[in-house]
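Dumped start-v1.txt below, it's compact mmCIF, C-alpha atoms:
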# COMPACT_ATOMS: atom_id res chain seq x y z
CA MET K 6 -0.12 8.26 139.74
CA ARG K 7 -3.20 9.83 138.09
CA CYS K 8 -4.15 6.43 136.58
CA LYS K 9 -3.80 4.65 139.94
CA THR K 10 -5.87 7.31 141.70
CA SER K 11 -8.62 7.05 139.08
CA LYS K 12 -8.69 3.27 139.39
CA PHE K 13 -8.88 3.53 143.19
CA LEU K 14 -11.79 5.97 143.01
CA SER K 15 -13.59 3.68 140.56
CA VAL K 16 -13.27 0.75 142.96
CA ILE K 17 -14.65 2.88 145.82
CA LEU K 18 -17.58 4.02 143.65
CA VAL K 19 -18.42 0.47 142.62
CA GLY K 20 -18.27 -0.58 146.25
CA LEU K 21 -20.66 2.17 147.29
CA LEU K 22 -23.09 1.29 144.50
CA TRP K 23 -22.96 -2.41 145.43
CA THR K 24 -23.65 -1.59 149.08
CA SER K 25 -26.63 0.56 148.06
CA CYS K 26 -28.10 -2.13 145.81
CA TRP K 27 -27.57 -4.84 148.43
CA GLY K 28 -29.43 -2.80 151.01
CA GLN K 29 -32.31 -2.23 148.61
CA SER K 30 -32.49 -5.86 147.52
CA ARG K 31 -32.81 -7.02 151.10
CA GLY K 32 -35.71 -4.67 151.65
CA LYS K 33 -34.27 -2.66 154.54
CA SER K 34 -37.03 -1.61 156.90
CA ALA K 35 -37.92 -1.36 160.56
CA GLU K 36 -39.47 -4.81 160.17
CA GLU K 37 -36.23 -6.56 159.23
CA PRO K 38 -35.06 -8.60 162.20
CA LYS K 39 -31.77 -9.54 163.76
CA THR K 40 -30.85 -13.18 163.22
CA LEU K 41 -30.56 -15.33 166.33
CA GLU K 42 -27.03 -15.71 167.65
CA ILE K 43 -25.35 -19.00 168.50
CA GLY K 44 -26.28 -20.01 172.06
CA GLU K 45 -29.61 -18.17 172.10
CA HIS K 46 -32.78 -20.11 172.90
CA ALA K 47 -35.41 -21.00 170.32
CA PRO K 48 -38.28 -18.48 170.44
CA ASP K 49 -41.65 -20.04 171.16
CA PHE K 50 -44.24 -20.30 168.41
CA SER K 51 -47.82 -21.34 167.74
CA LEU K 52 -48.48 -21.69 164.03
CA PRO K 53 -50.96 -23.45 161.73
CA GLY K 54 -49.66 -26.36 159.67
CA VAL K 55 -50.71 -27.66 156.28
CA ASP K 56 -52.26 -30.71 157.96
CA GLY K 57 -54.82 -28.58 159.82
CA ARG K 58 -53.03 -28.81 163.16
CA ASN K 59 -51.59 -25.94 165.18
CA TYR K 60 -47.99 -26.51 166.25
CA LYS K 61 -46.12 -25.13 169.26
CA LEU K 62 -42.47 -25.34 170.18
CA ALA K 63 -43.42 -27.55 173.12
CA ASP K 64 -44.85 -30.16 170.72
CA PHE K 65 -41.25 -31.10 169.85
CA ALA K 66 -39.93 -31.25 173.41
CA GLN K 67 -38.98 -34.92 173.10
CA ALA K 68 -36.58 -34.30 170.24
CA ASP K 69 -32.88 -34.23 171.06
CA ILE K 70 -32.27 -31.91 168.13
CA LEU K 71 -34.72 -29.50 166.51
CA VAL K 72 -34.11 -28.29 162.97
CA VAL K 73 -36.14 -25.25 161.92
CA VAL K 74 -35.99 -24.39 158.21
CA PHE K 75 -37.47 -21.15 156.94
CA THR K 76 -38.53 -21.85 153.37
CA CYS K 77 -41.44 -21.16 151.01
CA ASN K 78 -43.28 -22.26 147.88
CA HIS K 79 -42.28 -19.71 145.27
CA CYS K 80 -38.51 -19.29 145.63
CA PRO K 81 -36.38 -21.12 143.01
CA THR K 82 -33.62 -21.72 145.57
CA ALA K 83 -36.10 -23.05 148.12
CA GLN K 84 -37.53 -25.41 145.51
CA ALA K 85 -34.03 -26.59 144.63
CA TYR K 86 -33.59 -27.68 148.25
CA GLU K 87 -36.97 -29.34 148.85
CA ASP K 88 -35.75 -32.89 148.20
CA ARG K 89 -32.63 -32.36 150.32
CA ILE K 90 -34.73 -31.04 153.19
CA LYS K 91 -36.98 -34.08 152.89
CA LYS K 92 -33.92 -36.34 152.99
CA LEU K 93 -32.60 -34.63 156.12
CA ALA K 94 -35.95 -35.23 157.83
CA ALA K 95 -36.03 -38.87 156.74
CA ASP K 96 -32.40 -39.71 157.50
CA TYR K 97 -32.57 -38.46 161.10
CA LYS K 98 -36.19 -39.24 161.96
CA ASN K 99 -35.25 -42.23 164.11
CA LYS K 100 -32.21 -40.56 165.67
CA GLY K 101 -33.96 -38.04 167.89
CA VAL K 102 -34.03 -35.27 165.29
CA VAL K 103 -37.18 -33.41 164.26
CA LEU K 104 -37.31 -31.05 161.28
CA VAL K 105 -39.94 -28.31 161.03
CA ALA K 106 -40.36 -25.95 158.07
CA ILE K 107 -41.87 -22.47 158.40
CA SER K 108 -42.94 -20.19 155.56
CA PRO K 109 -42.25 -16.60 156.67
CA ASN K 110 -43.63 -14.78 153.64
CA ASP K 111 -46.61 -12.45 153.45
CA PRO K 112 -48.37 -13.50 150.19
CA GLN K 113 -49.65 -9.96 149.71
CA ALA K 114 -46.06 -8.71 149.61
CA LEU K 115 -45.22 -10.91 146.60
CA ARG K 116 -45.25 -9.36 143.14
CA LEU K 117 -46.56 -11.54 140.33
CA ASP K 118 -43.23 -11.26 138.50
CA GLU K 119 -41.59 -12.91 141.51
CA LEU K 120 -43.61 -16.07 140.78
CA GLY K 121 -41.92 -16.90 137.49
CA TYR K 122 -40.41 -20.15 138.74
CA THR K 123 -43.44 -21.61 140.45
CA ASP K 124 -47.04 -22.64 140.02
CA LEU K 125 -47.93 -21.55 143.57
CA SER K 126 -47.68 -18.47 145.74
CA ASP K 127 -47.09 -18.57 149.50
CA SER K 128 -50.57 -18.63 151.04
CA LEU K 129 -51.45 -21.37 153.52
CA GLU K 130 -53.86 -22.99 151.06
CA GLU K 131 -51.15 -23.10 148.40
CA MET K 132 -48.67 -24.50 150.95
CA LYS K 133 -51.09 -27.40 151.43
CA ILE K 134 -50.93 -28.10 147.70
CA ARG K 135 -47.11 -27.97 147.63
CA ALA K 136 -46.83 -30.27 150.66
CA ARG K 137 -49.15 -32.75 148.98
CA ASP K 138 -47.47 -32.55 145.58
CA LYS K 139 -43.98 -33.00 147.04
CA GLY K 140 -44.91 -35.47 149.77
CA PHE K 141 -43.40 -33.40 152.56
CA ASN K 142 -42.44 -35.62 155.51
CA PHE K 143 -42.22 -32.79 158.04
CA PRO K 144 -44.57 -30.18 159.51
CA TYR K 145 -44.90 -27.19 157.17
CA LEU K 146 -46.12 -24.13 159.08
CA TYR K 147 -47.45 -20.75 157.97
CA ASP K 148 -46.27 -17.46 159.49
CA GLY K 149 -47.31 -15.11 156.70
CA ASP K 150 -50.09 -13.23 158.51
CA LYS K 151 -48.31 -11.71 161.52
CA GLN K 152 -44.71 -12.87 160.85
CA GLN K 153 -43.97 -12.64 164.58
CA VAL K 154 -42.14 -15.97 164.68
CA SER K 155 -40.03 -15.07 161.66
CA LEU K 156 -39.18 -11.71 163.19
CA ALA K 157 -38.07 -13.51 166.37
CA TYR K 158 -35.81 -16.01 164.56
CA GLY K 159 -34.52 -13.58 161.94
CA PRO K 160 -34.17 -15.50 158.66
CA VAL K 161 -32.71 -13.38 155.86
CA ALA K 162 -33.51 -15.66 152.91
CA THR K 163 -35.27 -18.87 151.93
CA PRO K 164 -34.08 -21.42 152.78
CA HIS K 165 -32.44 -20.53 156.11
CA VAL K 166 -31.63 -23.28 158.64
CA PHE K 167 -31.61 -23.03 162.47
CA ILE K 168 -30.46 -26.10 164.45
CA PHE K 169 -31.07 -26.32 168.21
CA ASP K 170 -29.79 -28.78 170.80
CA LYS K 171 -31.79 -30.56 173.54
CA GLU K 172 -31.90 -27.39 175.65
CA ARG K 173 -33.09 -25.56 172.51
CA LYS K 174 -29.97 -23.46 172.30
CA LEU K 175 -28.97 -22.49 168.77
CA ARG K 176 -25.92 -24.47 167.65
CA TYR K 177 -25.97 -23.88 163.88
CA VAL K 178 -27.48 -21.22 161.63
CA GLY K 179 -27.11 -20.75 157.88
CA ARG K 180 -27.34 -22.72 154.65
CA VAL K 181 -28.28 -26.34 153.99
CA ASP K 182 -25.08 -26.84 152.00
CA ASP K 183 -22.77 -24.91 149.72
CA SER K 184 -24.45 -25.32 146.32
CA GLU K 185 -27.95 -24.99 144.93
CA LYS K 186 -27.02 -27.72 142.43
CA PRO K 187 -26.87 -31.13 144.19
CA ASP K 188 -23.98 -32.42 142.06
CA LYS K 189 -21.83 -29.40 143.01
CA VAL K 190 -22.14 -29.76 146.80
CA LYS K 191 -18.84 -30.01 148.66
CA SER K 192 -19.84 -28.98 152.19
CA HIS K 193 -22.94 -30.51 153.81
CA ASP K 194 -23.12 -27.87 156.52
CA ALA K 195 -26.52 -28.60 158.11
CA ARG K 196 -25.91 -32.35 158.02
CA ASN K 197 -22.44 -31.88 159.53
CA ALA K 198 -23.96 -29.86 162.37
CA ILE K 199 -26.55 -32.54 163.11
CA GLU K 200 -23.92 -35.29 163.10
CA ALA K 201 -21.71 -33.33 165.50
CA LEU K 202 -24.58 -32.74 167.93
CA LEU K 203 -25.62 -36.39 167.82
CA ALA K 204 -22.04 -37.33 168.68
CA GLY K 205 -21.96 -34.87 171.57
CA LYS K 206 -19.37 -32.71 169.84
CA LYS K 207 -19.11 -29.03 169.06
CA VAL K 208 -20.47 -28.09 165.67
CA PRO K 209 -17.42 -27.58 163.42
CA VAL K 210 -18.84 -24.56 161.57
CA GLU K 211 -21.57 -22.83 163.55
CA LYS K 212 -22.49 -20.05 161.11
CA THR K 213 -22.68 -19.91 157.34
CA ARG K 214 -24.27 -17.44 154.96
CA ALA K 215 -27.81 -18.18 153.83
CA PHE K 216 -28.54 -17.46 150.19
CA GLY K 217 -31.85 -17.45 148.35
CA CYS K 218 -34.92 -15.26 147.93
CA SER K 219 -35.39 -12.39 150.34
CA ILE K 220 -38.10 -12.67 152.98
CA LYS K 221 -41.33 -11.05 151.86
CA TRP K 222 -42.00 -8.88 154.91
CA SER K 223 -45.36 -7.12 155.03
CA SER K 224 -43.58 -3.80 154.45
CA LYS K 225 -43.08 -4.93 150.84
CA ARG K 226 -46.81 -4.79 150.12
CA ASP K 227 -46.27 -1.31 148.71
CA SER K 228 -43.86 -2.73 146.14
CA ALA K 229 -46.46 -5.28 145.04
CA LYS K 230 -49.07 -2.53 144.76
CA GLU K 231 -46.72 -0.29 142.77
CA ALA K 232 -46.04 -3.15 140.35
CA GLN K 233 -49.77 -3.60 139.74
CA GLU K 234 -50.15 0.12 139.11
CA ARG K 235 -47.21 0.10 136.68
CA TRP K 236 -48.60 -2.85 134.71
CA ALA K 237 -51.98 -1.12 134.52
CA LYS K 238 -50.35 1.71 132.57
CA GLU K 239 -48.80 -0.49 129.87
CA SER K 240 -49.94 -0.06 126.27
CA ILE K 241 -52.67 -2.36 124.97
CA LEU K 242 -52.56 -3.18 121.26
CA LEU K 243 -54.84 -5.20 118.97
CA GLU K 244 -53.74 -6.34 115.51
CA MET K 245 -55.72 -7.96 112.72
CA THR K 246 -54.59 -11.34 111.41
CA ASP K 247 -55.65 -13.85 108.77
CA ALA K 248 -55.47 -17.64 108.43
CA ASP K 249 -51.80 -17.53 107.43
CA GLY K 250 -51.03 -15.41 110.49
CA ILE K 251 -52.84 -17.91 112.74
CA GLY K 252 -50.82 -20.73 111.18
CA LYS K 253 -47.57 -18.95 111.96
CA ILE K 254 -48.66 -18.39 115.56
CA ILE K 255 -49.39 -22.10 115.99
CA LYS K 256 -46.14 -23.09 114.28
CA ASN K 257 -44.22 -21.07 116.87
CA ASP K 258 -40.87 -20.41 115.26
CA SER K 259 -39.89 -18.31 118.29
CA GLN K 260 -37.56 -19.35 121.11
CA LYS K 261 -40.33 -18.95 123.68
CA LEU K 262 -42.96 -21.19 125.18
CA ARG K 263 -46.18 -19.80 123.73
CA LEU K 264 -49.56 -19.75 125.44
CA VAL K 265 -52.38 -19.17 122.94
CA SER K 266 -55.94 -18.36 123.98
CA ILE K 267 -58.77 -18.26 121.45
CA TRP K 268 -61.70 -16.35 122.87
CA ALA K 269 -64.45 -13.78 122.19
CA THR K 270 -66.17 -10.99 124.08
CA TRP K 271 -69.55 -12.69 123.63
CA CYS K 272 -68.29 -15.88 125.30
CA GLY K 273 -69.15 -15.85 129.01
CA ALA K 274 -66.58 -18.51 129.89
CA CYS K 275 -63.90 -16.52 128.03
CA VAL K 276 -64.67 -13.42 130.06
CA VAL K 277 -64.44 -15.42 133.30
CA GLU K 278 -61.11 -16.99 132.30
CA PHE K 279 -59.38 -13.92 130.92
CA PRO K 280 -58.10 -12.35 134.19
CA GLU K 281 -56.22 -15.54 135.00
CA LEU K 282 -54.49 -15.38 131.62
CA VAL K 283 -53.30 -11.85 132.43
CA THR K 284 -52.01 -13.08 135.79
CA ILE K 285 -50.10 -15.90 134.10
CA HIS K 286 -48.65 -13.45 131.59
CA ARG K 287 -47.33 -11.27 134.41
CA MET K 288 -45.91 -14.25 136.26
CA TYR K 289 -43.87 -15.79 133.46
CA ARG K 290 -43.18 -13.09 130.88
CA GLY K 291 -39.78 -12.38 132.41
CA ARG K 292 -38.71 -15.81 131.16
CA ASP K 293 -38.84 -17.44 127.72
CA PHE K 294 -42.62 -17.23 127.66
CA GLU K 295 -45.32 -15.24 125.87
CA LEU K 296 -49.09 -15.03 125.81
CA ILE K 297 -50.98 -14.50 122.56
CA THR K 298 -54.73 -13.98 122.50
CA ILE K 299 -56.82 -14.44 119.36
CA SER K 300 -60.32 -13.01 119.34
CA ALA K 301 -63.01 -14.80 117.34
CA ASP K 302 -65.23 -11.71 117.41
CA SER K 303 -66.49 -10.16 114.19
CA PRO K 304 -63.92 -7.78 112.66
CA GLN K 305 -66.60 -5.10 112.96
CA ARG K 306 -66.33 -5.38 116.74
CA LYS K 307 -62.68 -4.36 116.85
CA ASP K 308 -63.37 -1.36 119.08
CA THR K 309 -65.33 -3.54 121.51
CA VAL K 310 -62.55 -6.12 121.63
CA LEU K 311 -59.90 -3.45 122.22
CA SER K 312 -61.99 -1.88 124.96
CA PHE K 313 -62.27 -5.25 126.71
CA LEU K 314 -58.52 -5.86 126.43
CA LYS K 315 -57.80 -2.45 127.93
CA LYS K 316 -60.15 -3.14 130.82
CA GLN K 317 -58.34 -6.45 131.42
CA GLN K 318 -54.91 -4.72 131.15
CA ALA K 319 -53.90 -7.33 128.57
CA SER K 320 -50.50 -5.98 127.52
CA CYS K 321 -49.61 -9.22 125.75
CA ARG K 322 -49.84 -9.79 121.98
CA ASN K 323 -53.50 -9.59 120.94
CA TYR K 324 -55.04 -10.45 117.57
CA LEU K 325 -58.49 -10.29 116.01
CA PHE K 326 -59.29 -12.75 113.21
CA ASN K 327 -60.14 -10.72 110.12
CA SER K 328 -62.95 -12.90 108.75
CA GLU K 329 -66.55 -13.62 109.67
CA ASP K 330 -65.96 -17.25 108.62
CA LYS K 331 -65.04 -18.95 111.89
CA TYR K 332 -64.40 -22.25 110.13
CA GLN K 333 -61.37 -20.64 108.51
CA LEU K 334 -60.09 -19.89 112.00
CA VAL K 335 -60.73 -23.46 113.11
CA GLU K 336 -58.88 -24.89 110.12
CA ALA K 337 -55.98 -22.48 110.56
CA VAL K 338 -55.39 -23.70 114.10
CA GLY K 339 -54.69 -27.23 112.86
CA LYS K 340 -55.92 -30.76 112.26
CA GLU K 341 -56.75 -31.40 115.93
CA SER K 342 -58.71 -28.22 116.03
CA PHE K 343 -61.39 -26.97 118.38
CA ALA K 344 -65.17 -26.98 118.44
CA GLY K 345 -65.72 -24.07 120.78
CA ILE K 346 -64.15 -21.42 122.96
CA PRO K 347 -62.34 -20.62 125.12
CA TYR K 348 -59.65 -22.82 123.66
CA THR K 349 -56.17 -22.89 125.18
CA LEU K 350 -52.92 -24.15 123.65
CA LEU K 351 -49.44 -24.30 125.14
CA ILE K 352 -46.91 -24.59 122.33
CA ARG K 353 -43.20 -25.31 122.58
CA PRO K 354 -40.72 -23.65 120.19
CA GLY K 355 -41.02 -25.61 116.96
CA GLY K 356 -44.77 -26.13 117.18
CA GLU K 357 -45.22 -29.09 119.56
CA ILE K 358 -48.43 -28.64 121.55
CA ILE K 359 -47.84 -29.81 125.12
CA TYR K 360 -51.18 -28.70 126.56
CA ARG K 361 -54.61 -28.09 125.07
CA HIS K 362 -57.96 -27.46 126.69
CA LEU K 363 -61.48 -26.64 125.54
CA GLY K 364 -63.43 -24.57 128.05
CA ILE K 365 -62.11 -22.75 131.10
CA ALA K 366 -58.65 -24.14 131.83
CA ASP K 367 -57.76 -25.05 135.39
CA PRO K 368 -55.30 -22.28 136.40
CA LEU K 369 -53.12 -24.52 138.56
CA GLU K 370 -52.97 -27.25 135.92
CA LEU K 371 -51.97 -24.69 133.30
CA ARG K 372 -49.31 -23.09 135.53
CA LYS K 373 -47.88 -26.52 136.32
CA ALA K 374 -47.56 -27.27 132.61
CA ILE K 375 -45.81 -23.94 132.06
CA VAL K 376 -43.32 -24.26 134.91
CA GLN K 377 -42.65 -27.91 134.10
CA TYR K 378 -41.34 -26.76 130.74
CA LEU K 379 -39.58 -23.59 131.90
CA GLY K 380 -38.10 -25.15 135.04
CA ARG K 381 -38.45 -24.38 138.74
CA THR K 382 -34.83 -23.58 139.53
CA TYR K 383 -32.05 -21.41 138.13
CA LYS K 384 -29.96 -23.11 135.45
Show me, as structure tokens, the structure contained in the file I just sent.
Amino acid sequence: MRCKTSKFLSVILVGLLWTSCWGQSRGKSAEEPKTLEIGEHAPDFSLPGVDGRNYKLADFAQADILVVVFTCNHCPTAQAYEDRIKKLAADYKNKGVVLVAISPNDPQALRLDELGYTDLSDSLEEMKIRARDKGFNFPYLYDGDKQQVSLAYGPVATPHVFIFDKERKLRYVGRVDDSEKPDKVKSHDARNAIEALLAGKKVPVEKTRAFGCSIKWSSKRDSAKEAQERWAKESILLEMTDADGIGKIIKNDSQKLRLVSIWATWCGACVVEFPELVTIHRMYRGRDFELITISADSPQRKDTVLSFLKKQQASCRNYLFNSEDKYQLVEAVGKESFAGIPYTLLIRPGGEIIYRHLGIADPLELRKAIVQYLGRTYK
């Protein structure tokens, strides 16, 4: 009896802990909305799109069915569904169905470590880039400033689908389908709802659970600020290294994708570029990724280099080449070496260089190279 009682209490405790964590992960606040119920009318909206137009609910009055998908740039789950959302829009374009996507997230409420699966955050300007890169065939609207539309509809995650009939009454709300991985899908829930409505039938399953990244309500700005403050307190170290050490860095016998930046405090372009390197480090370091900086300053300037690194909050691995002979550094980097700085290398495990750039690297180009290797979705 004592054993059974103990087991029962353990189950209750686990349940209470799970409930607490779930509430925290969803960001409980006064801002969190109630999701629209089946039969309720679509709330009106007036939102800017990536094409420069402003869209209102009335602009889609001719559609027999309106599909509203709350999604975003940064979320791995949302990215996993981008092609399927495009296909839904294309397959039903000539059947009286219009699909509209809305990004509900406040970009200022996003922590950098929440951007580990993307090259873009959730600002309107970055939405324009994503729409262009992916060839979106539907209006992509931004609600990140006031979030009033999102609060009215009540999405709980990205992506979250709302399907309305001709009278703009909600007839389906929930997921696109039942698996993030296309080859595992067994239930095409959103598609089934559209087909039922087109046939004049009742939607077979009106509500399903949405699963993905939580909505970044403006109340989460404090969390983003706290993360920045925490990172600012991390230890900053600077080690000396020689030509053999440089060779080992370039060889990359680790299991991580390695970003290497060769720079110096006296290099104006290096100083301009450095903050972006720190941002990239914070974005991807939670994955199989690391940033290594190598200073080409004189060894006598070690204190100056360390002071700069501390000011930049560069809590990555930092090295200072231990010789005044910069040609030794050039030779140590390899046969296709550099003629100036800043010099950026992206090195796969095993030593294959998949990106190199002399001068200030384009941040978006570099992030795209990183995420192309690491992957945009959960494996």
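These residues, each with an atom at most 7 Å from (-69.0, -9.3, 112.0) using only C-alpha atoms, are K:Ser303, K:Pro304, K:Gln305, K:Arg306, K:Glu329.
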Interatomic distance between CA of Lys230 in chain K and CA of Asp124 in chain K? 20.8 Å
Can you tell me which residues surround range 167-180 of chain K at a distance of at most 8 Å, considering only C-alpha atoms, apart from same-chain residues fewer than 5 positions away, and format the answer as a list in words? Leu41, Glu42, Ile43, Gly44, Glu45, His46, Ala47, Ala68, Asp69, Ile70, Leu71, Val72, Val73, Val74, Asp194, Ala195, Ala198, Ile199, Leu202, Val208, Val210, Glu211, Lys212, Thr213, Arg214, Ala215 and Phe216 of chain K
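The space between CA of Ala319 in chain K and CA of Ala337 in chain K spans 23.6 Å.
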Provide an axis-aligned box for all listed atoms of range 305-321 of chain K, padding each side by 6 Å; report its centre and its edge lengths in Å to one decimal, as JSON.
{"center_x": -58.1, "center_y": -5.3, "center_z": 122.2, "size_x": 29.0, "size_y": 19.9, "size_z": 30.5}
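CA of Leu371 in chain K sits 16.0 Å away from CA of Asp293 in chain K.
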Residue among K:Leu52, K:Lys186, K:Asp118, K:Asp330 lying closest to Arg89 in chain K, counting all atoms listed in the file: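 Ranking K:Leu52, K:Lys186, K:Asp118, K:Asp330 by distance to Arg89 in chain K, first place goes to K:Lys186.
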Tell me, as a list in words, which residues lie within 10 Å of Ala162 in chain K, counting all atoms listed in the file; anything in the same chain fewer than 5 positions away does not count. Arg31, Phe75, Thr76, Cys77, Cys80, Thr82, Ala83, Pro109, Gly179, Arg180, Arg214, Ala215, Phe216, Gly217, Cys218, Ser219, Ile220 and Lys221 of chain K
Between K:Leu350, K:His165, K:Cys272, K:Lys206, which one has atoms that come closest to Lys256 in chain K, using all atoms listed in the file? K:Leu350
Skip range 274-276 of chain K itself and residues of its chain fewer than 6 positions away, then list as a JSON list (two decimals) with C-alpha atoms, keeping the file's coordinate frame all residues within 7 Å of it, counting only C-alpha atoms.
[["chain", "number", "residue", "atom", "x", "y", "z"],
["K", 268, "TRP", "CA", -61.70, -16.35, 122.87],
["K", 347, "PRO", "CA", -62.34, -20.62, 125.12],
["K", 365, "ILE", "CA", -62.11, -22.75, 131.10]]
So that each row is one residue of range 238-266 of chain K with an atom at most 12 Å from range 286-289 of chain K, can you give its shortest atom pair and the distance in Å to one decimal, using all atoms listed in the file, rows by chain and rising number, as JSON lines?
{"residue": "K:Glu239", "atom": "CA", "partner": "K:Arg287", "partner_atom": "CA", "distance": 11.8}
{"residue": "K:Lys261", "atom": "CA", "partner": "K:Tyr289", "partner_atom": "CA", "distance": 10.9}
{"residue": "K:Leu262", "atom": "CA", "partner": "K:Tyr289", "partner_atom": "CA", "distance": 9.9}
{"residue": "K:Arg263", "atom": "CA", "partner": "K:His286", "partner_atom": "CA", "distance": 10.4}
{"residue": "K:Leu264", "atom": "CA", "partner": "K:His286", "partner_atom": "CA", "distance": 8.9}
{"residue": "K:Val265", "atom": "CA", "partner": "K:His286", "partner_atom": "CA", "distance": 11.0}
{"residue": "K:Ser266", "atom": "CA", "partner": "K:His286", "partner_atom": "CA", "distance": 11.6}
For a quick check of understanding, using only C-alpha atoms, which of K:Glu231, K:Ile267, K:Asp302, K:His79 has the smallest distance to Ile346 in chain K? K:Ile267
Option closest in space to Phe343 in chain K, from K:Ser328, K:Pro187, K:Thr309, K:His362 [counting all atoms listed in the file]: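 Of all the options, K:His362 lies closest to Phe343 in chain K.
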Residues within 9 Å of Gln317 in chain K, please, as a PDB file with C-alpha atoms, in the coordinates of the input. Count only C-alpha atoms; anything in the same chain fewer than 2 positions from it doesn't count.
ATOM      1  CA  ALA K 237     -51.980  -1.120 134.520  1.00  0.00           C
ATOM      2  CA  PHE K 279     -59.380 -13.920 130.920  1.00  0.00           C
ATOM      3  CA  PRO K 280     -58.100 -12.350 134.190  1.00  0.00           C
ATOM      4  CA  VAL K 283     -53.300 -11.850 132.430  1.00  0.00           C
ATOM      5  CA  SER K 312     -61.990  -1.880 124.960  1.00  0.00           C
ATOM      6  CA  PHE K 313     -62.270  -5.250 126.710  1.00  0.00           C
ATOM      7  CA  LEU K 314     -58.520  -5.860 126.430  1.00  0.00           C
ATOM      8  CA  LYS K 315     -57.800  -2.450 127.930  1.00  0.00           C
ATOM      9  CA  ALA K 319     -53.900  -7.330 128.570  1.00  0.00           C
ATOM     10  CA  SER K 320     -50.500  -5.980 127.520  1.00  0.00           C
TER      11      SER K 320
END
